[in-house]
There are 2 protein chains.
Amino acid sequence: MKILSRACNYGIRALIYMVANNGGQENTSIGEISEELDISFHFLTKTFQELNRANLLKSSRGPNGGVALTRPAADISMMEIILVIEGDDFFDTCLLGLPDCGNGAPCPIHEVWKDKKDKMRLEFETTSLADLGVRVSEDKMRITI
Amino acid sequence: MKILSRACNYGIRALIYMVANNGGQENTSIGEISEELDISFHFLTKTFQELNRANLLKSSRGPNGGVALTRPAADISMMEIILVIEGDDFFDTCLLGLPDCGNGAPCPIHEVWKDKKDKMRLEFETTSLADLGVRVSEDKMRITI
DNA sequence: ACAGGATAAGATATAATAGTCTTATATCTT
DNA sequence: AAGATATAAGACTATTATATCTTATCCTGT
Ligand code: SF4
Ligand code: SF4
């Protein structure tokens with residue numbers, strides 16, 4: 001059961017790292033992140049570029065360059081990140097993978113699935129990057145692979 | 001957000017069709033199903049073979065051949081179908097896609113995700129093929145593409 | 001100005017998934 | 001026994017997702 005693409009997975013984990021590391025407001029180099037989290041550097045870079053274009057973070061080149069959040073981590077929800085990386089239609093899909101049948105001709109399990117989806121969306125909307133980062137810092141848990 | 005593979009999607013929809021059509025205990029030809037649901041015949045056949053080997057259904061060749069359920073539709077849960085097609089580890093994965101970290105070194109959103117997963121599993125376990133088929137027959141909804 | 005450190009961008013490679021085609025085999029009807 | 005009908009199985013192709021490699025561009029400190 002794969003919910004998120006690899007790119008999204010990496011993106012979220014990378015952002016959590018930044019927040020846990022320096023709050024996310026200061027530059028962190030992609031190289032450092034990719035090394036710490038053991039993520040392909042170039043792949044991660046591409047993902048960051050998307051977040052960049054979506055103005056979730058800003059990047060700067062050269063020495064002391066890197067990426068940093070444009071807003072406080074507490075203001076950024078998991079939802080935003082997911083939508084940027086997976087696309088705006090992320091929650092429009094259905095359990096059976098049929099597009100656009102939510103209203104017109106729903107299948108038998110539509111209601112059940114819709115309910116689960118709504119709850120998950122709410123969770124994503126109300127969980128901020130700061131939430132995630134803080135819990136990591138407290139080291140209830142580490143991010144490992 | 002793709003939860004189920006195409007093969008699983010097809011498999012479930014095909015079984016629902018069988019149940020809605022003749023209760024699932026009588027032979028239905030794969031050709032008919034694939035045509036009605038507009039699913040690739042050969043691809044569907046392959047999926048059926050898996051369900052076959054798992055003894056969820058039996059097949060017979062020749063005229064009047066086809067596939068039929070081995071047990072009453074009410075006794076077959078969505079869960080069984082999913083596990084056969086997607087593999088037994090279907091529910092072992094996590095939101096971030098990291099394998100085997102549920103116990104050892106869980107990530108920040110582990111609890112939240114586990115909860116959602118458990119509820120979905122329960123849903124799949126308690127929803128039988130008969131449930132799905134009946135709702136289709138009542139035509140609260142059609143299965144369309 | 002220059003050198004080195006950093007991201008940007010695009011081309012290429014690999015792997016996983018999905019779909020198609022061909023041949024074999026079993027079963028029913030006549 | 002023959003022919004039609006149906007699944008079984010495996011080879012092949014196409015598409016998408018993931019990963020890597022190469023080159024370009026920008027920024028900073030000296
Ligand atoms: S009816 Fe709902 S759950 Fe069913 S296939 Fe359509 S969108 Fe998905
Ligand atoms: S801790 Fe839980 S949710 Fe997080 S990556 Fe591991 S299994 Fe997934």
# chains A, B, ... in the order shown; residues from 1 in each chain; ligands from 1
call {"tool": "residues_around", "arguments": {"residues": "stretch 3-15 of chain C", "least_positions_apart": "4", "cutoff": "12 Å", "atoms": "only C-alpha atoms (C1' of nucleotides)", "output": "compact mmCIF listing (two decimals) with all heavy atoms, in the first residue's frame"}}
result
# COMPACT_ATOMS: atom_id res chain seq x y z
N ASN A 27 19.52 28.49 5.96
CA ASN A 27 19.91 27.63 4.85
C ASN A 27 20.48 26.29 5.33
O ASN A 27 21.29 26.24 6.24
CB ASN A 27 20.97 28.33 3.99
CG ASN A 27 20.35 29.24 2.96
OD1 ASN A 27 19.14 29.15 2.69
ND2 ASN A 27 21.14 30.12 2.37
N THR A 28 20.01 25.28 4.65
CA THR A 28 20.61 23.96 4.82
C THR A 28 20.96 23.47 3.43
O THR A 28 20.14 23.61 2.51
CB THR A 28 19.62 22.99 5.47
OG1 THR A 28 19.07 23.59 6.64
CG2 THR A 28 20.30 21.69 5.84
N SER A 29 22.13 22.92 3.26
CA SER A 29 22.51 22.50 1.91
C SER A 29 21.86 21.16 1.56
O SER A 29 21.71 20.27 2.41
CB SER A 29 24.02 22.39 1.79
OG SER A 29 24.46 21.12 2.19
N ILE A 30 21.46 21.06 0.32
CA ILE A 30 20.81 19.83 -0.13
C ILE A 30 21.77 18.66 0.02
O ILE A 30 21.36 17.55 0.33
CB ILE A 30 20.36 19.99 -1.60
CG1 ILE A 30 19.39 21.17 -1.72
CG2 ILE A 30 19.68 18.71 -2.08
CD1 ILE A 30 18.89 21.39 -3.13
N GLY A 31 23.04 18.94 -0.20
CA GLY A 31 24.04 17.88 -0.07
C GLY A 31 24.03 17.28 1.32
O GLY A 31 24.04 16.05 1.48
N GLU A 32 23.98 18.14 2.32
CA GLU A 32 23.96 17.65 3.70
C GLU A 32 22.73 16.79 3.95
O GLU A 32 22.82 15.70 4.49
CB GLU A 32 23.97 18.84 4.67
CG GLU A 32 23.81 18.43 6.13
CD GLU A 32 23.59 19.63 7.04
OE1 GLU A 32 23.97 20.76 6.65
OE2 GLU A 32 23.01 19.45 8.14
N PHE A 41 20.99 12.64 -4.11
CA PHE A 41 21.13 14.09 -4.13
C PHE A 41 20.34 14.74 -5.26
O PHE A 41 19.57 15.68 -5.05
CB PHE A 41 22.61 14.46 -4.25
CG PHE A 41 22.86 15.92 -4.54
CD1 PHE A 41 22.79 16.86 -3.52
CD2 PHE A 41 23.16 16.33 -5.82
CE1 PHE A 41 23.01 18.20 -3.78
CE2 PHE A 41 23.38 17.68 -6.08
CZ PHE A 41 23.31 18.61 -5.07
N HIS A 42 20.53 14.23 -6.47
CA HIS A 42 19.89 14.87 -7.61
C HIS A 42 18.38 14.70 -7.60
O HIS A 42 17.65 15.59 -8.01
CB HIS A 42 20.47 14.31 -8.91
CG HIS A 42 21.88 14.70 -9.14
ND1 HIS A 42 22.93 13.86 -8.82
CD2 HIS A 42 22.43 15.83 -9.61
CE1 HIS A 42 24.07 14.48 -9.11
NE2 HIS A 42 23.80 15.66 -9.60
N LEU A 44 16.55 14.46 -4.95
CA LEU A 44 16.04 15.37 -3.93
C LEU A 44 16.05 16.81 -4.43
O LEU A 44 15.12 17.58 -4.19
CB LEU A 44 16.89 15.24 -2.66
CG LEU A 44 16.47 16.08 -1.46
CD1 LEU A 44 15.03 15.81 -1.08
CD2 LEU A 44 17.39 15.83 -0.27
N THR A 45 17.10 17.15 -5.16
CA THR A 45 17.19 18.49 -5.70
C THR A 45 15.99 18.81 -6.58
O THR A 45 15.38 19.88 -6.49
CB THR A 45 18.48 18.64 -6.54
OG1 THR A 45 19.60 18.51 -5.67
CG2 THR A 45 18.52 19.99 -7.23
N LYS A 46 15.64 17.87 -7.42
CA LYS A 46 14.50 18.07 -8.30
C LYS A 46 13.22 18.32 -7.49
O LYS A 46 12.44 19.20 -7.79
CB LYS A 46 14.32 16.85 -9.21
CG LYS A 46 14.13 17.19 -10.66
CD LYS A 46 14.03 15.94 -11.53
CE LYS A 46 13.00 14.96 -11.04
NZ LYS A 46 12.85 13.77 -11.89
N THR A 47 13.06 17.54 -6.46
CA THR A 47 11.88 17.69 -5.61
C THR A 47 11.88 19.07 -4.95
O THR A 47 10.85 19.74 -4.87
CB THR A 47 11.85 16.59 -4.54
OG1 THR A 47 11.81 15.32 -5.19
CG2 THR A 47 10.63 16.74 -3.66
N PHE A 48 13.04 19.47 -4.48
CA PHE A 48 13.13 20.78 -3.85
C PHE A 48 12.78 21.89 -4.83
O PHE A 48 12.21 22.91 -4.47
CB PHE A 48 14.53 21.01 -3.28
CG PHE A 48 14.67 20.55 -1.86
CD1 PHE A 48 15.80 19.89 -1.42
CD2 PHE A 48 13.66 20.79 -0.94
CE1 PHE A 48 15.93 19.47 -0.11
CE2 PHE A 48 13.78 20.37 0.38
CZ PHE A 48 14.92 19.71 0.78
N GLN A 49 13.16 21.68 -6.08
CA GLN A 49 12.83 22.70 -7.08
C GLN A 49 11.33 22.90 -7.20
O GLN A 49 10.85 24.01 -7.40
CB GLN A 49 13.44 22.32 -8.42
CG GLN A 49 14.93 22.57 -8.48
CD GLN A 49 15.55 21.96 -9.71
OE1 GLN A 49 14.94 21.87 -10.76
NE2 GLN A 49 16.80 21.54 -9.58
N GLU A 50 10.61 21.81 -7.08
CA GLU A 50 9.15 21.94 -7.13
C GLU A 50 8.64 22.74 -5.94
O GLU A 50 7.80 23.63 -6.09
CB GLU A 50 8.49 20.56 -7.13
CG GLU A 50 8.69 19.80 -8.41
CD GLU A 50 7.87 18.50 -8.42
OE1 GLU A 50 6.67 18.56 -8.73
OE2 GLU A 50 8.44 17.44 -8.09
N ASN A 52 10.22 24.81 -4.36
CA ASN A 52 10.72 26.14 -4.63
C ASN A 52 9.75 26.94 -5.47
O ASN A 52 9.33 28.04 -5.11
CB ASN A 52 12.05 25.99 -5.38
CG ASN A 52 13.07 26.95 -4.85
OD1 ASN A 52 12.72 28.03 -4.40
ND2 ASN A 52 14.33 26.55 -4.87
N ARG A 53 9.42 26.37 -6.59
CA ARG A 53 8.49 27.04 -7.52
C ARG A 53 7.16 27.32 -6.85
O ARG A 53 6.48 28.27 -7.18
CB ARG A 53 8.29 26.17 -8.76
CG ARG A 53 9.42 26.28 -9.78
CD ARG A 53 9.03 25.62 -11.08
NE ARG A 53 9.15 24.16 -10.99
CZ ARG A 53 10.26 23.48 -11.30
NH1 ARG A 53 11.33 24.12 -11.71
NH2 ARG A 53 10.30 22.17 -11.20
N LYS A 58 12.72 28.78 -0.33
CA LYS A 58 13.57 29.59 -1.20
C LYS A 58 14.96 28.97 -1.19
O LYS A 58 15.37 28.37 -0.20
CB LYS A 58 13.64 31.03 -0.69
CG LYS A 58 14.16 31.12 0.73
CD LYS A 58 13.83 32.48 1.36
CE LYS A 58 14.07 32.43 2.87
NZ LYS A 58 13.43 33.54 3.60
N SER A 59 15.64 29.14 -2.31
CA SER A 59 16.97 28.55 -2.39
C SER A 59 17.98 29.62 -2.75
O SER A 59 17.64 30.63 -3.35
CB SER A 59 16.98 27.46 -3.46
OG SER A 59 16.79 28.04 -4.73
N SER A 60 19.21 29.39 -2.37
CA SER A 60 20.27 30.31 -2.78
C SER A 60 21.52 29.50 -3.08
O SER A 60 21.82 28.52 -2.39
CB SER A 60 20.53 31.35 -1.69
OG SER A 60 20.46 30.79 -0.41
N ARG A 61 22.23 29.93 -4.10
CA ARG A 61 23.41 29.18 -4.51
C ARG A 61 24.66 29.73 -3.84
O ARG A 61 24.60 30.67 -3.06
CB ARG A 61 23.58 29.29 -6.03
CG ARG A 61 22.30 28.95 -6.78
CD ARG A 61 22.58 28.76 -8.24
NE ARG A 61 21.45 29.17 -9.08
CZ ARG A 61 21.32 28.83 -10.34
NH1 ARG A 61 22.20 28.09 -10.94
NH2 ARG A 61 20.28 29.24 -11.04
N GLY A 62 25.72 29.11 -4.21
CA GLY A 62 27.00 29.57 -3.68
C GLY A 62 27.24 29.14 -2.25
O GLY A 62 26.40 28.51 -1.63
N PRO A 63 28.42 29.50 -1.76
CA PRO A 63 28.79 29.15 -0.39
C PRO A 63 27.73 29.65 0.59
O PRO A 63 27.15 30.73 0.38
CB PRO A 63 30.11 29.88 -0.18
CG PRO A 63 30.67 30.05 -1.55
CD PRO A 63 29.50 30.21 -2.46
N ASN A 64 27.47 28.89 1.60
CA ASN A 64 26.43 29.19 2.57
C ASN A 64 25.04 29.18 1.94
O ASN A 64 24.08 29.63 2.56
CB ASN A 64 26.65 30.54 3.25
CG ASN A 64 28.02 30.64 3.87
OD1 ASN A 64 28.48 29.69 4.50
ND2 ASN A 64 28.70 31.75 3.66
N GLY A 65 24.99 28.68 0.72
CA GLY A 65 23.69 28.57 0.09
C GLY A 65 22.94 27.38 0.64
O GLY A 65 23.35 26.77 1.63
N GLY A 66 21.84 27.08 -0.02
CA GLY A 66 21.03 25.96 0.44
C GLY A 66 19.57 26.29 0.30
O GLY A 66 19.19 27.18 -0.48
N VAL A 67 18.75 25.60 1.03
CA VAL A 67 17.32 25.86 0.98
C VAL A 67 16.81 26.18 2.37
O VAL A 67 17.35 25.73 3.38
CB VAL A 67 16.57 24.62 0.43
CG1 VAL A 67 16.84 24.45 -1.05
CG2 VAL A 67 16.96 23.38 1.19
P DT D 16 2.19 6.82 -19.52
OP1 DT D 16 0.80 7.25 -19.32
OP2 DT D 16 3.12 7.57 -20.40
O5' DT D 16 2.88 6.70 -18.08
C5' DT D 16 2.34 5.78 -17.16
C4' DT D 16 3.36 5.52 -16.08
O4' DT D 16 4.51 4.87 -16.64
C3' DT D 16 3.87 6.79 -15.39
O3' DT D 16 3.52 6.65 -14.03
C2' DT D 16 5.38 6.75 -15.65
C1' DT D 16 5.62 5.27 -15.86
N1 DT D 16 6.83 4.83 -16.62
C2 DT D 16 7.66 3.92 -16.00
O2 DT D 16 7.47 3.51 -14.87
N3 DT D 16 8.74 3.53 -16.76
C4 DT D 16 9.03 3.94 -18.05
O4 DT D 16 10.02 3.50 -18.62
C5 DT D 16 8.12 4.88 -18.63
C7 DT D 16 8.35 5.38 -20.03
C6 DT D 16 7.06 5.27 -17.90
P DA D 17 3.83 7.85 -12.98
OP1 DA D 17 2.68 7.91 -12.07
OP2 DA D 17 4.29 9.06 -13.70
O5' DA D 17 5.05 7.23 -12.18
C5' DA D 17 4.92 5.93 -11.63
C4' DA D 17 6.22 5.53 -10.99
O4' DA D 17 7.20 5.24 -12.01
C3' DA D 17 6.84 6.59 -10.08
O3' DA D 17 7.25 5.91 -8.90
C2' DA D 17 8.01 7.14 -10.91
C1' DA D 17 8.40 5.92 -11.74
N9 DA D 17 9.00 6.18 -13.05
C8 DA D 17 8.54 7.00 -14.03
N7 DA D 17 9.28 6.99 -15.12
C5 DA D 17 10.28 6.09 -14.83
C6 DA D 17 11.39 5.63 -15.57
N6 DA D 17 11.67 6.04 -16.81
N1 DA D 17 12.20 4.73 -14.99
C2 DA D 17 11.92 4.32 -13.74
N3 DA D 17 10.92 4.67 -12.93
C4 DA D 17 10.12 5.58 -13.56
P DT D 18 7.92 6.73 -7.69
OP1 DT D 18 7.59 6.01 -6.44
OP2 DT D 18 7.61 8.17 -7.84
O5' DT D 18 9.46 6.51 -7.96
C5' DT D 18 9.97 5.18 -7.89
C4' DT D 18 11.41 5.17 -8.34
O4' DT D 18 11.52 5.60 -9.71
C3' DT D 18 12.34 6.10 -7.55
O3' DT D 18 13.27 5.24 -6.88
C2' DT D 18 12.99 6.99 -8.62
C1' DT D 18 12.80 6.15 -9.88
N1 DT D 18 12.80 6.86 -11.18
C2 DT D 18 13.71 6.49 -12.13
O2 DT D 18 14.54 5.60 -11.95
N3 DT D 18 13.64 7.18 -13.32
C4 DT D 18 12.74 8.19 -13.64
O4 DT D 18 12.78 8.73 -14.73
C5 DT D 18 11.80 8.53 -12.59
C7 DT D 18 10.79 9.59 -12.83
C6 DT D 18 11.87 7.86 -11.44
P DA D 19 14.39 5.90 -5.91
OP1 DA D 19 14.76 4.86 -4.92
OP2 DA D 19 13.94 7.22 -5.47
O5' DA D 19 15.61 6.08 -6.90
C5' DA D 19 16.14 4.95 -7.57
C4' DA D 19 17.24 5.39 -8.52
O4' DA D 19 16.67 6.13 -9.60
C3' DA D 19 18.31 6.28 -7.91
O3' DA D 19 19.53 5.57 -7.97
C2' DA D 19 18.30 7.54 -8.79
C1' DA D 19 17.65 7.04 -10.06
N9 DA D 19 16.94 8.03 -10.87
C8 DA D 19 15.86 8.77 -10.51
N7 DA D 19 15.41 9.56 -11.46
C5 DA D 19 16.26 9.32 -12.52
C6 DA D 19 16.32 9.84 -13.83
N6 DA D 19 15.47 10.75 -14.30
N1 DA D 19 17.30 9.38 -14.64
C2 DA D 19 18.16 8.46 -14.15
N3 DA D 19 18.20 7.90 -12.95
C4 DA D 19 17.22 8.37 -12.17
P DT D 20 20.86 6.26 -7.40
OP1 DT D 20 21.72 5.15 -6.95
OP2 DT D 20 20.53 7.38 -6.51
O5' DT D 20 21.51 6.85 -8.72
C5' DT D 20 21.83 5.96 -9.80
C4' DT D 20 22.32 6.75 -10.99
O4' DT D 20 21.30 7.66 -11.45
C3' DT D 20 23.56 7.61 -10.73
O3' DT D 20 24.57 7.13 -11.59
C2' DT D 20 23.11 9.04 -11.07
C1' DT D 20 21.94 8.78 -12.01
N1 DT D 20 20.92 9.84 -12.12
C2 DT D 20 20.71 10.43 -13.33
O2 DT D 20 21.36 10.16 -14.32
N3 DT D 20 19.72 11.39 -13.34
C4 DT D 20 18.93 11.79 -12.29
O4 DT D 20 18.08 12.65 -12.43
C5 DT D 20 19.19 11.11 -11.04
C7 DT D 20 18.39 11.46 -9.84
C6 DT D 20 20.16 10.19 -11.02
P DC D 21 26.08 7.62 -11.39
OP1 DC D 21 26.96 6.46 -11.62
OP2 DC D 21 26.20 8.41 -10.15
O5' DC D 21 26.26 8.61 -12.63
C5' DC D 21 25.69 8.24 -13.89
C4' DC D 21 25.75 9.42 -14.85
O4' DC D 21 24.59 10.27 -14.68
C3' DC D 21 26.97 10.32 -14.67
O3' DC D 21 27.56 10.46 -15.94
C2' DC D 21 26.39 11.64 -14.15
C1' DC D 21 24.98 11.61 -14.74
N1 DC D 21 23.96 12.39 -14.00
C2 DC D 21 23.14 13.30 -14.70
O2 DC D 21 23.31 13.44 -15.91
N3 DC D 21 22.19 13.99 -14.02
C4 DC D 21 22.04 13.80 -12.70
N4 DC D 21 21.09 14.49 -12.08
C5 DC D 21 22.87 12.88 -11.97
C6 DC D 21 23.80 12.21 -12.65
P DT D 22 29.03 11.24 -16.03
OP1 DT D 22 29.84 10.44 -16.96
OP2 DT D 22 29.53 11.57 -14.67
O5' DT D 22 28.62 12.60 -16.75
C5' DT D 22 27.69 12.54 -17.83
C4' DT D 22 27.28 13.95 -18.24
O4' DT D 22 26.21 14.43 -17.38
C3' DT D 22 28.40 14.99 -18.14
O3' DT D 22 28.46 15.67 -19.37
C2' DT D 22 27.98 15.90 -16.99
C1' DT D 22 26.45 15.78 -17.06
N1 DT D 22 25.75 16.05 -15.78
C2 DT D 22 24.67 16.89 -15.80
O2 DT D 22 24.27 17.44 -16.81
N3 DT D 22 24.06 17.08 -14.58
C4 DT D 22 24.43 16.51 -13.38
O4 DT D 22 23.82 16.75 -12.36
C5 DT D 22 25.58 15.64 -13.43
C7 DT D 22 26.06 14.97 -12.18
C6 DT D 22 26.17 15.46 -14.62
P DT D 23 29.73 16.73 -19.63
OP1 DT D 23 30.21 16.45 -20.98
OP2 DT D 23 30.65 16.70 -18.47
O5' DT D 23 28.99 18.14 -19.63
C5' DT D 23 27.82 18.31 -20.42
C4' DT D 23 27.06 19.52 -19.94
O4' DT D 23 26.52 19.28 -18.62
C3' DT D 23 27.89 20.80 -19.84
O3' DT D 23 27.27 21.79 -20.65
C2' DT D 23 27.86 21.15 -18.35
C1' DT D 23 26.56 20.51 -17.91
N1 DT D 23 26.43 20.21 -16.47
C2 DT D 23 25.35 20.69 -15.80
O2 DT D 23 24.48 21.37 -16.32
N3 DT D 23 25.30 20.37 -14.46
C4 DT D 23 26.22 19.61 -13.76
O4 DT D 23 26.07 19.39 -12.57
C5 DT D 23 27.35 19.13 -14.51
C7 DT D 23 28.40 18.32 -13.85
C6 DT D 23 27.40 19.45 -15.83
P DA D 24 27.97 23.27 -20.79
OP1 DA D 24 27.87 23.64 -22.20
OP2 DA D 24 29.27 23.27 -20.10
O5' DA D 24 26.96 24.18 -19.97
C5' DA D 24 25.57 24.05 -20.23
C4' DA D 24 24.77 24.83 -19.20
O4' DA D 24 24.87 24.18 -17.91
C3' DA D 24 25.25 26.27 -18.99
O3' DA D 24 24.11 27.12 -19.03
C2' DA D 24 25.88 26.26 -17.60
C1' DA D 24 25.09 25.15 -16.91
N9 DA D 24 25.78 24.49 -15.81
C8 DA D 24 26.94 23.78 -15.86
N7 DA D 24 27.31 23.27 -14.70
C5 DA D 24 26.31 23.67 -13.83
C6 DA D 24 26.10 23.46 -12.45
N6 DA D 24 26.94 22.76 -11.69
N1 DA D 24 25.00 24.00 -11.89
C2 DA D 24 24.16 24.71 -12.68
N3 DA D 24 24.25 24.97 -13.98
C4 DA D 24 25.35 24.42 -14.50
P DT D 25 24.35 28.72 -19.18
OP1 DT D 25 23.28 29.24 -20.05
OP2 DT D 25 25.78 28.97 -19.48
O5' DT D 25 24.05 29.23 -17.71
C5' DT D 25 22.84 28.84 -17.08
C4' DT D 25 22.93 29.15 -15.61
O4' DT D 25 23.85 28.24 -14.96
C3' DT D 25 23.43 30.56 -15.28
O3' DT D 25 22.39 31.23 -14.60
C2' DT D 25 24.65 30.33 -14.38
C1' DT D 25 24.40 28.92 -13.87
N1 DT D 25 25.59 28.14 -13.42
C2 DT D 25 25.62 27.67 -12.13
O2 DT D 25 24.74 27.87 -11.33
N3 DT D 25 26.75 26.96 -11.80
C4 DT D 25 27.82 26.67 -12.64
O4 DT D 25 28.77 26.03 -12.23
C5 DT D 25 27.72 27.19 -13.97
C7 DT D 25 28.82 26.94 -14.95
C6 DT D 25 26.63 27.89 -14.30
P DC D 26 22.44 32.83 -14.46
OP1 DC D 26 21.08 33.31 -14.77
OP2 DC D 26 23.62 33.36 -15.18
O5' DC D 26 22.68 33.04 -12.91
C5' DC D 26 21.82 32.36 -12.00
C4' DC D 26 22.57 32.12 -10.71
O4' DC D 26 23.72 31.31 -10.94
C3' DC D 26 23.08 33.39 -10.03
O3' DC D 26 22.33 33.57 -8.84
C2' DC D 26 24.56 33.11 -9.76
C1' DC D 26 24.63 31.59 -9.92
N1 DC D 26 25.95 31.01 -10.30
C2 DC D 26 26.64 30.23 -9.38
O2 DC D 26 26.15 30.04 -8.26
N3 DC D 26 27.84 29.70 -9.71
C4 DC D 26 28.34 29.92 -10.93
N4 DC D 26 29.53 29.36 -11.21
C5 DC D 26 27.66 30.70 -11.91
C6 DC D 26 26.48 31.24 -11.55
P DC D 27 22.36 35.01 -8.10
OP1 DC D 27 21.03 35.21 -7.50
OP2 DC D 27 22.98 36.02 -8.99
O5' DC D 27 23.38 34.74 -6.93
C5' DC D 27 23.07 33.74 -5.97
C4' DC D 27 24.32 33.50 -5.14
O4' DC D 27 25.35 32.95 -5.98
C3' DC D 27 24.90 34.76 -4.51
O3' DC D 27 24.76 34.62 -3.10
C2' DC D 27 26.37 34.78 -4.96
C1' DC D 27 26.60 33.36 -5.47
N1 DC D 27 27.57 33.18 -6.59
C2 DC D 27 28.71 32.41 -6.37
O2 DC D 27 28.91 31.92 -5.26
N3 DC D 27 29.59 32.23 -7.40
C4 DC D 27 29.34 32.78 -8.59
N4 DC D 27 30.23 32.56 -9.58
C5 DC D 27 28.17 33.57 -8.84
C6 DC D 27 27.32 33.75 -7.81
P DT D 28 25.09 35.94 -2.15
OP1 DT D 28 24.10 35.94 -1.06
OP2 DT D 28 25.31 37.14 -3.00
O5' DT D 28 26.49 35.52 -1.53
C5' DT D 28 26.68 34.18 -1.08
C4' DT D 28 28.14 33.95 -0.78
O4' DT D 28 28.86 33.69 -2.02
C3' DT D 28 28.84 35.12 -0.10
O3' DT D 28 29.44 34.65 1.10
C2' DT D 28 29.87 35.60 -1.13
C1' DT D 28 30.10 34.34 -1.97
N1 DT D 28 30.49 34.57 -3.39
C2 DT D 28 31.58 33.91 -3.89
O2 DT D 28 32.26 33.16 -3.25
N3 DT D 28 31.84 34.17 -5.23
C4 DT D 28 31.14 35.01 -6.07
O4 DT D 28 31.46 35.18 -7.24
C5 DT D 28 30.01 35.67 -5.47
C7 DT D 28 29.18 36.61 -6.29
C6 DT D 28 29.73 35.43 -4.17
P DG D 29 29.99 35.73 2.18
OP1 DG D 29 29.59 35.29 3.53
OP2 DG D 29 29.68 37.11 1.72
O5' DG D 29 31.55 35.47 2.01
C5' DG D 29 32.04 34.14 2.07
C4' DG D 29 33.48 34.12 1.62
O4' DG D 29 33.55 34.32 0.19
C3' DG D 29 34.34 35.22 2.26
O3' DG D 29 35.58 34.66 2.70
C2' DG D 29 34.55 36.23 1.12
C1' DG D 29 34.47 35.35 -0.12
N9 DG D 29 33.96 36.04 -1.31
C8 DG D 29 32.88 36.89 -1.39
N7 DG D 29 32.66 37.34 -2.60
C5 DG D 29 33.64 36.73 -3.37
C6 DG D 29 33.91 36.83 -4.76
O6 DG D 29 33.29 37.49 -5.61
N1 DG D 29 35.00 36.04 -5.14
C2 DG D 29 35.74 35.28 -4.28
N2 DG D 29 36.74 34.60 -4.83
N3 DG D 29 35.51 35.18 -2.97
C4 DG D 29 34.44 35.93 -2.59
P DT D 30 36.59 35.60 3.58
OP1 DT D 30 37.15 34.72 4.62
OP2 DT D 30 35.93 36.88 3.94
O5' DT D 30 37.74 35.90 2.53
C5' DT D 30 38.39 34.79 1.88
C4' DT D 30 39.16 35.29 0.68
O4' DT D 30 38.24 35.79 -0.32
C3' DT D 30 40.09 36.46 1.00
O3' DT D 30 41.44 36.02 0.95
C2' DT D 30 39.82 37.50 -0.10
C1' DT D 30 38.95 36.75 -1.08
N1 DT D 30 37.92 37.60 -1.75
C2 DT D 30 37.98 37.75 -3.12
O2 DT D 30 38.82 37.23 -3.81
N3 DT D 30 36.98 38.55 -3.63
C4 DT D 30 35.96 39.19 -2.93
O4 DT D 30 35.13 39.89 -3.50
C5 DT D 30 35.97 38.99 -1.51
C7 DT D 30 34.93 39.63 -0.66
C6 DT D 30 36.94 38.21 -0.98
call {"tool": "closest_atom_pairs", "arguments": {"of": "chain D", "to": "chain B", "cutoff": "12 Å", "atoms": "only C-alpha atoms (C1' of nucleotides)", "output": "JSON lines"}}
result
{"residue": "D:DG3", "atom": "C1'", "partner": "B:Gly62", "partner_atom": "CA", "distance": 11.9}
{"residue": "D:DA4", "atom": "C1'", "partner": "B:Pro63", "partner_atom": "CA", "distance": 8.1}
{"residue": "D:DT5", "atom": "C1'", "partner": "B:Pro63", "partner_atom": "CA", "distance": 4.8}
{"residue": "D:DA6", "atom": "C1'", "partner": "B:Gly62", "partner_atom": "CA", "distance": 4.2}
{"residue": "D:DT7", "atom": "C1'", "partner": "B:Arg61", "partner_atom": "CA", "distance": 5.1}
{"residue": "D:DA8", "atom": "C1'", "partner": "B:Gln49", "partner_atom": "CA", "distance": 8.1}
{"residue": "D:DA9", "atom": "C1'", "partner": "B:Lys46", "partner_atom": "CA", "distance": 9.0}
{"residue": "D:DG10", "atom": "C1'", "partner": "B:Lys46", "partner_atom": "CA", "distance": 11.0}
call {"tool": "closest_residue", "arguments": {"among": "A:Ala7, A:Leu51, A:Ala73, A:Ile109", "to": "A:Gln25", "atoms": "only C-alpha atoms"}}
result
A:Ala73
call {"tool": "select_by_dssp", "arguments": {"residues": "chain B", "states": "strand (DSSP E or B)", "output": "list in words"}}
result
Thr28, Leu57, Lys58, Ser59, Ser60, Gly66, Val67, Ala68, Leu69, Ser77 and Ser128 of chain B
call {"tool": "residues_around", "arguments": {"residues": "stretch 84-96 of chain A", "least_positions_apart": "6", "cutoff": "7 Å", "atoms": "only C-alpha atoms (C1' of nucleotides)", "output": "list in words"}}
result
Cys8, Glu50, Leu51, Ala54 and Trp113 of chain A; Met1, Ile3, Leu4 and Asn9 of chain B
call {"tool": "select_by_dssp", "arguments": {"residues": "chain B", "states": "helix (DSSP H, G or I)", "output": "PyMOL selection string"}}
result
chain B and resi 6-22+30-37+41-53+73-75+78-86+110-126+129-137
call {"tool": "closest_residue", "arguments": {"among": "B:Ala74, B:Leu129, B:Asp115, B:Tyr10", "to": "chain C", "atoms": "only C-alpha atoms (C1' of nucleotides)"}}
result
B:Tyr10
